[in-house]
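Okay, so here's the structure we're looking at.
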Amino acid sequence: MKVSIIINDYQKEFEVDPGEYLLDTLRNHHYTSVKRGCDNSTCGACTVLLDGKPVPSCSLLTVKANGHNITTVEGIQEEASSLSKHFGHEGADQCGYCNPSLALTVHAMRRELINPSDEDIKQYLVGNLCRCTGYEAQHRATKSYLEEIK
Amino acid sequence: MKVVNQGLPSIDGRGLMMGKKAYTDDLADADSLIVKVLRSPHPYAKIVKIDTSKADALYGVELILTHKDFDRRPFTRAGQGYPEPSPHDKFVLDEYVRYIGDEVCAVAAISEKIASKAISLIEVSYDVLEPVLDFEQAIDNDVVIHPEPEIHEMFPIGFEPKRNIAAAYSMEVGNVESELAECDVVIDETFYTQAQQHMMMEPHTVNARIDYQSRLVIYSSTQTPVHVRRIISQALDYPLSKIRVIKPRVGGGFGGKQALHGELLVSKVTLLTGKPSKMVYTRKEVFESSYSRHPMKIDIKLGAMKDGTLRAIDCKILSDTGAYGEHALTVFMVAGSKVLPLYNKVKAVKFYGDVVYTNHTPAGAFRGYGAIQGNYALESAVDILCEQLQIDPIVFRQKNMILEGETSPIFEIMGEGTEGTAMIMESCKLDYCVKRGLELIDWTNKYPSKLMNGSIKKGVGMAIAMQGSGIPYIDMAAATIKLNDDGFYNLLIGATDIGQGSDTILAQIAAEELGTTLDQMIVYSSDSDLTPFDTGAYASSTTYVSGNAVMNAAREMKKMLIEEAERALKCKVTFDGVTFTGEDGKEITLKNLSNRLYYNEDQKQLTATSSYVGHKSPPPFMAGFVEIDVDMETGEFEIQDYVSVVDCGTTINPKLALGQVEGGIMQGIGMAVYEDVKISDKGKMISNSLLNYRIPTRVEVKKLTTEFADSYEDSGPFGAKSVGEIGIDTPPAAIANAIYNATGVRINSLPITPEKILKGIKERKDAKR
């Protein structure tokens with residue numbers, strides 16, 4: 001069936017199976033920044049923004065995105081670049097596999113929360129798992145990014 | 001130093017955050033055949049018949065592979081130096097399946113949907129066999145897991161497949177029995193450690209194509225590209241010279257990607273069809289069908305004198321390697337060789353035991369590599385001993401632990417699968433690590449415990465640990481530095497960046513030695529056709545072994561540059577990284593010298609290649625301290641702070657080294673308290689998804705405090721030792737000790753759960769009544 005989705009501000013049309021998940025549709029159409037991690041919406045690596053809210057694309061049927069806005073990290077390149085400066089400074093980069101999804105979630109958090117506390121930040125990002133860093137450096141980097149763009 | 005010991009940003013961090021195509025599956029050919037595997041529903045069975053007729057008839061199915069498509073050519077997927085210390089006990093596909101999730105056959109089809117449909121249409125009849133599911137019942141069981149005649153060891157590792165023994169080992173220094181008999185206090189304890197999943201975020205991923213030169217080109221998410229190339233060649237009997245293995249960015253490894261997983265099936269599909277193919281493990285496959293950490297039963301006896309002198313250690317281990325013997329012997333040996341030398345003043349030490357086959361998901365390499373298991377047992381046992389001696393565990397450790405300038409006979413006796421290498425601890429700041437850790441955790445005010453509000457008790461605990469820096473005389477690394485016109489460089493290395501940041505820190509070493517900045521050192525790594533040899537990212541080898549190779553290559557390049565500058569200026573010169581200055585005051589910049597060399601005069605390419613193999617494996621050391629709050633009514637506990645003080649010599653990049661330690665600590669905490677591979681009594685892995693296998697998220701641990709000791713290892717590049725694994729070792733013992741100090745409950749099996757603690761609290765209450 002045909003779906004029409006606005007991806008990073010561009011109208012796109014895809015022919016998809018009714019049972020197809022958005023993660024597969026996106027990766028099949030070269031949006032490879034969206035990563036496959038766990039297959040059951042627990043790791044956060046496949047996060048995209050659906051009308052500005054972070055959702056796991058591995059469990060969102062593509063047909064459900066019909067007519068909606070989807071943002072991948074390609075749609076927030078400037079923000080991702082500026083967040084990456086803070087990650088670099090704090091040594092928060094390791095394998096980087098989950099970083100595009102984390103950038104999207106941080107972007108959504110920034111719009112949603114005003115002056116978040118340490119605990120607010122951790123809770124908002126809790127669905128974005130990382131197995132490399134132990135989270136401390138990511139937390140420091142996220143905080144200093146939020147501080148800078150205030 | 002301007003570049004080394006600076007916390008510079010990773011060279012790839014920005015691009016990866018912005019979502020550039022960089023990982024294995026991002027680079028798969030768009031028209032790749034999808035390879036899917038039909039996996040065994042039985043823990044042990046002989047395949048009687050595979051009927052593929054319905055699947056064959058399906059539109060879009062290109063190929064179905066069964067064991068009949070492969071020669072009987074046993075190999076090991078382990079991904080270690082050759083000849084491997086792991087038994088050659090695996091066939092690409094076999095007529096036996098040995099665990100739930102083992103490979104039965106593979107399908108290659110034009111889409112994921114068709115491949116999955118084809119899998120469901122294949123009919124397999126099995127002769128279901130009785131499995132061995134209790135590793136303590138494996139030896140001399142009536143059921144033999146590996147009856148096949150072709151399997152073999154590459155050199156003596158104690159391989160006795162008829163007895164279900166994959167490997168065995170024993171060694172003794174002095175006479176443990178007679179020493180223990182003379183000790184004032186002897187403790188005898190048994191510890192169990194569980195399997196643990198690596199849970200790297202990127203699943204095992206591989207793709208292949210035949211390129212325009214008719215070569216098999218593999219992209220693989222691997223820690224060991226040269227081993228991947230060699231094992232594909234050996235297992236498929238295909239010339240090594242026709243295989244190119246490229247490792248793109250890797251989404252984490254932790255040992256899980258040291259071995260081969262989908263590479264052989266994907267290679268076979270592409271070789272037979274001539275078409276590109278790819279495979280991405282589902283997370284369920286990663287859990288059930290890759291490999292996990294070796295579960296162990298550890299019997300340990302410690303004997304000491306009343307004055308607190310540790311006199312003898314007896315350590316017997318039974319390790320479960322599951323269905324295949326990948327890393328069976330070497331993980332086992334590291335549980336001794338990178339644990340027991342911590343207490344080097346003992347008069348006698350014995351280390352022995354077996355690694356057994358079971359019908360479980362195989363075990364394999366995992367950060368810590370046996371040391372975390374051994375450390376949990378030894379460092380828990382030390383606290384138990386101290387209580388019996390009524391000696392402070394800190395004082396006891398300070399009296400008995402290894403110090404700078406000392407050695408242990410174990411270094412010479414135990415290597416990884418072979419004999420070891422004698423070495424003196426030229427750099428060992430363990431005494432500082434302990435002292436500083438005590439301050440940071442505020443030990444004196446908190447030890448052993450404090451009653452807080454309500455039912456909460458605060459406890460502190462600690463453990464010390466060591467690891468290694470590569471495998472001496474086995475792990476080899478090489479580096480090439482190429483000067484380009486305009487005066488910038490390429491650093492070409494076989495070393496394998498799997499997210500730990502080795503491309504960045506190796507470029508820092510090269511840039512420091514050549515006096516340039518990081519942006520002038522453009523790195524390409526891990527392409528078997530283009531980069532020099534390196535055994536790969538494992539055994540904490542990269543900073544020390546690959547780092548030394550890079551430093552040597554940079555020194556070589558510097559020598560060449562000075563020669564060329566002297567030829568150009570016709571006098572002796574000095575070089576500051578940018579400009580060559582002659583004795584007579586004349587100058588030429590590196591930029592001008594390079595352009596002269598490539599375009600104008602004395603034309604030649606400057607390329608320096610060097611290699612390195614370790615003559616020893618200087619251990620990084622650490623002391624780990626943990627503060628926990630336990631609810632005495634529920635057994636639940638929270639980690640308030642984990643303090644790590646680490647001696648890894650010079651930190652080439654302090655920020656990235658910190659990330660290695662903190663990531664290791666969190667993974668060690670995961671093993672200590674959350675993560676448990678649960679298997680049903682029928683042999684089925686229950687914890688086969690992230691929904692029921694819990695890894696730490698960003699909310700559980702309140703604080704990590706990490707510092708580095710001021711230390712310099714003379715044999716390392718700029719004084720560095722490796723730091724990839726050391727962080728993972730201390731949490732199980734430190735947390736177990738803290739729980740004991742808070743509650744009086746000793747947990748001798750991992751993970752340390754509220755249920756076990758509460759049970760212990762109840763038992764203690766009942767005993768008092």
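Each chain in the structure tokens gets a letter, A, B, ..., in the order shown, and its residues are numbered from 1; ligands are numbered from 1 in order too.
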
Show which residues sit within 10 Å of Cys130 of chain A, as a list in words. Count only C-alpha atoms, and ignore same-chain residues fewer than 3 positions away.
Cys43, Gly44, Ala45, Gln94, Cys95, Gly96, Tyr97, Cys98, Asn99, Leu102, Val126, Gly127, Thr133, Gly134, Tyr135 and Gln138 of chain A; Met199, Met200, Met201, Gly252, Gly663, Ile695, Pro696, Thr697 and Arg698 of chain B

Determine which residues of chain A receive a DSSP assignment of strand (DSSP E), computed from the backbone, and state them as a list in words.
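Here are the strand (DSSP E) residues of chain A: Lys2, Val3, Ser4, Ile5, Ile6, Ile7, Tyr10, Gln11, Lys12, Glu13, Phe14, Glu15, Thr47, Val48, Leu49, Leu50, Lys53, Pro54, Val55, Pro56, Asn69, Ile70 and Thr71 of chain A.
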
Expected file: the selected residues, N, CA and C atoms, as a PDB file, in the first residue's frame:
ATOM      1  N   LYS A   2       0.239   2.341  -0.419  1.00  0.00           N
ATOM      2  CA  LYS A   2       0.996   3.589  -0.565  1.00  0.00           C
ATOM      3  C   LYS A   2       0.880   4.439   0.704  1.00  0.00           C
ATOM      4  N   VAL A   3       2.014   4.977   1.147  1.00  0.00           N
ATOM      5  CA  VAL A   3       1.954   5.927   2.259  1.00  0.00           C
ATOM      6  C   VAL A   3       2.689   7.200   1.866  1.00  0.00           C
ATOM      7  N   SER A   4       2.267   8.268   2.478  1.00  0.00           N
ATOM      8  CA  SER A   4       2.887   9.557   2.213  1.00  0.00           C
ATOM      9  C   SER A   4       3.339  10.141   3.550  1.00  0.00           C
ATOM     10  N   ILE A   5       4.638  10.339   3.672  1.00  0.00           N
ATOM     11  CA  ILE A   5       5.200  10.793   4.945  1.00  0.00           C
ATOM     12  C   ILE A   5       6.079  12.014   4.672  1.00  0.00           C
ATOM     13  N   ILE A   6       6.017  12.969   5.579  1.00  0.00           N
ATOM     14  CA  ILE A   6       6.924  14.125   5.436  1.00  0.00           C
ATOM     15  C   ILE A   6       8.188  13.813   6.243  1.00  0.00           C
ATOM     16  N   ILE A   7       9.262  13.545   5.522  1.00  0.00           N
ATOM     17  CA  ILE A   7      10.510  13.204   6.209  1.00  0.00           C
ATOM     18  C   ILE A   7      11.476  14.371   6.089  1.00  0.00           C
ATOM     19  N   TYR A  10      10.487  17.037   3.710  1.00  0.00           N
ATOM     20  CA  TYR A  10      10.203  16.688   2.320  1.00  0.00           C
ATOM     21  C   TYR A  10       9.123  15.614   2.252  1.00  0.00           C
ATOM     22  N   GLN A  11       8.176  15.823   1.375  1.00  0.00           N
ATOM     23  CA  GLN A  11       7.099  14.855   1.183  1.00  0.00           C
ATOM     24  C   GLN A  11       7.653  13.635   0.449  1.00  0.00           C
ATOM     25  N   LYS A  12       7.470  12.442   1.051  1.00  0.00           N
ATOM     26  CA  LYS A  12       7.972  11.216   0.415  1.00  0.00           C
ATOM     27  C   LYS A  12       6.823  10.224   0.302  1.00  0.00           C
ATOM     28  N   GLU A  13       6.831   9.468  -0.793  1.00  0.00           N
ATOM     29  CA  GLU A  13       5.807   8.432  -0.956  1.00  0.00           C
ATOM     30  C   GLU A  13       6.463   7.079  -1.086  1.00  0.00           C
ATOM     31  N   PHE A  14       5.926   6.127  -0.351  1.00  0.00           N
ATOM     32  CA  PHE A  14       6.490   4.777  -0.382  1.00  0.00           C
ATOM     33  C   PHE A  14       5.399   3.750  -0.617  1.00  0.00           C
ATOM     34  N   GLU A  15       5.782   2.651  -1.267  1.00  0.00           N
ATOM     35  CA  GLU A  15       4.905   1.495  -1.406  1.00  0.00           C
ATOM     36  C   GLU A  15       5.357   0.514  -0.318  1.00  0.00           C
ATOM     37  N   THR A  47      15.299   5.482  17.352  1.00  0.00           N
ATOM     38  CA  THR A  47      14.423   6.633  17.623  1.00  0.00           C
ATOM     39  C   THR A  47      14.347   7.601  16.441  1.00  0.00           C
ATOM     40  N   VAL A  48      13.130   8.008  16.120  1.00  0.00           N
ATOM     41  CA  VAL A  48      12.900   9.137  15.205  1.00  0.00           C
ATOM     42  C   VAL A  48      11.908  10.068  15.907  1.00  0.00           C
ATOM     43  N   LEU A  49      11.748  11.262  15.388  1.00  0.00           N
ATOM     44  CA  LEU A  49      10.726  12.137  15.955  1.00  0.00           C
ATOM     45  C   LEU A  49       9.470  12.037  15.094  1.00  0.00           C
ATOM     46  N   LEU A  50       8.356  11.712  15.731  1.00  0.00           N
ATOM     47  CA  LEU A  50       7.053  11.667  15.059  1.00  0.00           C
ATOM     48  C   LEU A  50       6.322  12.924  15.498  1.00  0.00           C
ATOM     49  N   LYS A  53       7.943  14.285  18.579  1.00  0.00           N
ATOM     50  CA  LYS A  53       8.099  13.454  19.793  1.00  0.00           C
ATOM     51  C   LYS A  53       8.919  12.219  19.468  1.00  0.00           C
ATOM     52  N   PRO A  54       9.866  11.891  20.358  1.00  0.00           N
ATOM     53  CA  PRO A  54      10.679  10.689  20.091  1.00  0.00           C
ATOM     54  C   PRO A  54       9.867   9.398  20.184  1.00  0.00           C
ATOM     55  N   VAL A  55       9.985   8.555  19.162  1.00  0.00           N
ATOM     56  CA  VAL A  55       9.326   7.239  19.168  1.00  0.00           C
ATOM     57  C   VAL A  55      10.300   6.205  18.593  1.00  0.00           C
ATOM     58  N   PRO A  56      10.183   4.965  19.052  1.00  0.00           N
ATOM     59  CA  PRO A  56      11.018   3.916  18.447  1.00  0.00           C
ATOM     60  C   PRO A  56      10.434   3.480  17.100  1.00  0.00           C
ATOM     61  N   ASN A  69       4.749  13.969  10.234  1.00  0.00           N
ATOM     62  CA  ASN A  69       6.127  14.452  10.084  1.00  0.00           C
ATOM     63  C   ASN A  69       7.086  13.514  10.789  1.00  0.00           C
ATOM     64  N   ILE A  70       8.085  13.058  10.082  1.00  0.00           N
ATOM     65  CA  ILE A  70       9.136  12.242  10.688  1.00  0.00           C
ATOM     66  C   ILE A  70      10.451  13.008  10.581  1.00  0.00           C
ATOM     67  N   THR A  71      11.173  13.059  11.699  1.00  0.00           N
ATOM     68  CA  THR A  71      12.494  13.697  11.676  1.00  0.00           C
ATOM     69  C   THR A  71      13.546  12.658  12.013  1.00  0.00           C
TER      70      THR A  71
END

Between atom CA of Arg244 of chain B and atom CA of Glu84 of chain B, what is the distance in Å, rounded to a tenth?
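Atom-to-atom, atom CA of Arg244 of chain B to atom CA of Glu84 of chain B, that is 21.5 Å.
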
Which chain B residues have any atom within 6 Å of an atom of chain A, and for each, what is the nearest pair of atoms with distance in Å to one decimal, counting only C-alpha atoms, rows sorted by chain and number, as JSON lines?
{"residue": "B:Pro9", "atom": "CA", "partner": "A:Gly88", "partner_atom": "CA", "distance": 4.0}
{"residue": "B:Gly13", "atom": "CA", "partner": "A:Asp93", "partner_atom": "CA", "distance": 5.7}
{"residue": "B:Arg14", "atom": "CA", "partner": "A:Ser84", "partner_atom": "CA", "distance": 5.2}
{"residue": "B:Leu16", "atom": "CA", "partner": "A:Gly96", "partner_atom": "CA", "distance": 5.6}
{"residue": "B:Met17", "atom": "CA", "partner": "A:Pro100", "partner_atom": "CA", "distance": 4.9}
{"residue": "B:Met18", "atom": "CA", "partner": "A:Ala80", "partner_atom": "CA", "distance": 5.6}
{"residue": "B:Gly19", "atom": "CA", "partner": "A:Ser33", "partner_atom": "CA", "distance": 4.4}
{"residue": "B:Asp26", "atom": "CA", "partner": "A:Thr32", "partner_atom": "CA", "distance": 5.7}
{"residue": "B:Met201", "atom": "CA", "partner": "A:Gly37", "partner_atom": "CA", "distance": 5.5}
{"residue": "B:Glu202", "atom": "CA", "partner": "A:Gly37", "partner_atom": "CA", "distance": 5.8}
{"residue": "B:Gly251", "atom": "CA", "partner": "A:Cys95", "partner_atom": "CA", "distance": 4.9}
{"residue": "B:Gly252", "atom": "CA", "partner": "A:Cys95", "partner_atom": "CA", "distance": 5.5}
{"residue": "B:Arg283", "atom": "CA", "partner": "A:Cys38", "partner_atom": "CA", "distance": 5.1}
{"residue": "B:Gly499", "atom": "CA", "partner": "A:Cys95", "partner_atom": "CA", "distance": 3.4}
{"residue": "B:Gln500", "atom": "CA", "partner": "A:Gln94", "partner_atom": "CA", "distance": 5.5}
{"residue": "B:Lys655", "atom": "CA", "partner": "A:Gly91", "partner_atom": "CA", "distance": 4.7}
{"residue": "B:Leu656", "atom": "CA", "partner": "A:Gly91", "partner_atom": "CA", "distance": 5.4}
{"residue": "B:Gly659", "atom": "CA", "partner": "A:Thr133", "partner_atom": "CA", "distance": 5.4}
{"residue": "B:Glu662", "atom": "CA", "partner": "A:Gly134", "partner_atom": "CA", "distance": 5.1}
{"residue": "B:Gly663", "atom": "CA", "partner": "A:Gly134", "partner_atom": "CA", "distance": 4.3}
{"residue": "B:Met666", "atom": "CA", "partner": "A:Gly134", "partner_atom": "CA", "distance": 5.1}
{"residue": "B:Thr697", "atom": "CA", "partner": "A:Leu129", "partner_atom": "CA", "distance": 5.9}
{"residue": "B:Arg698", "atom": "CA", "partner": "A:Tyr135", "partner_atom": "CA", "distance": 5.8}

d(atom CA of Ile394 of chain B, atom CA of Asp188 of chain B) in Å
20.8 Å

Give me, please, the distance in Å between atom CA of Arg694 of chain B and atom CA of Phe621 of chain B, quoted to one decimal.
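Separation between atom CA of Arg694 of chain B and atom CA of Phe621 of chain B: 28.6 Å.
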
Expected answer as a PyMOL selection string: helix (DSSP H, G or I) residues in segment 594-664 of chain B
chain B and resi 594-600+654-664

Nearest-residue call for Lys762 of chain B, choices B:Thr743, B:Gln398, B:Asn453, B:Asn344, using only C-alpha atoms
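Result for the nearest residue to Lys762 of chain B: B:Thr743.
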
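Across B:Lys435, B:Asn653, B:Gln196, B:His152, the tightest approach to Asp676 of chain B is made by B:Gln196 when counting only C-alpha atoms.
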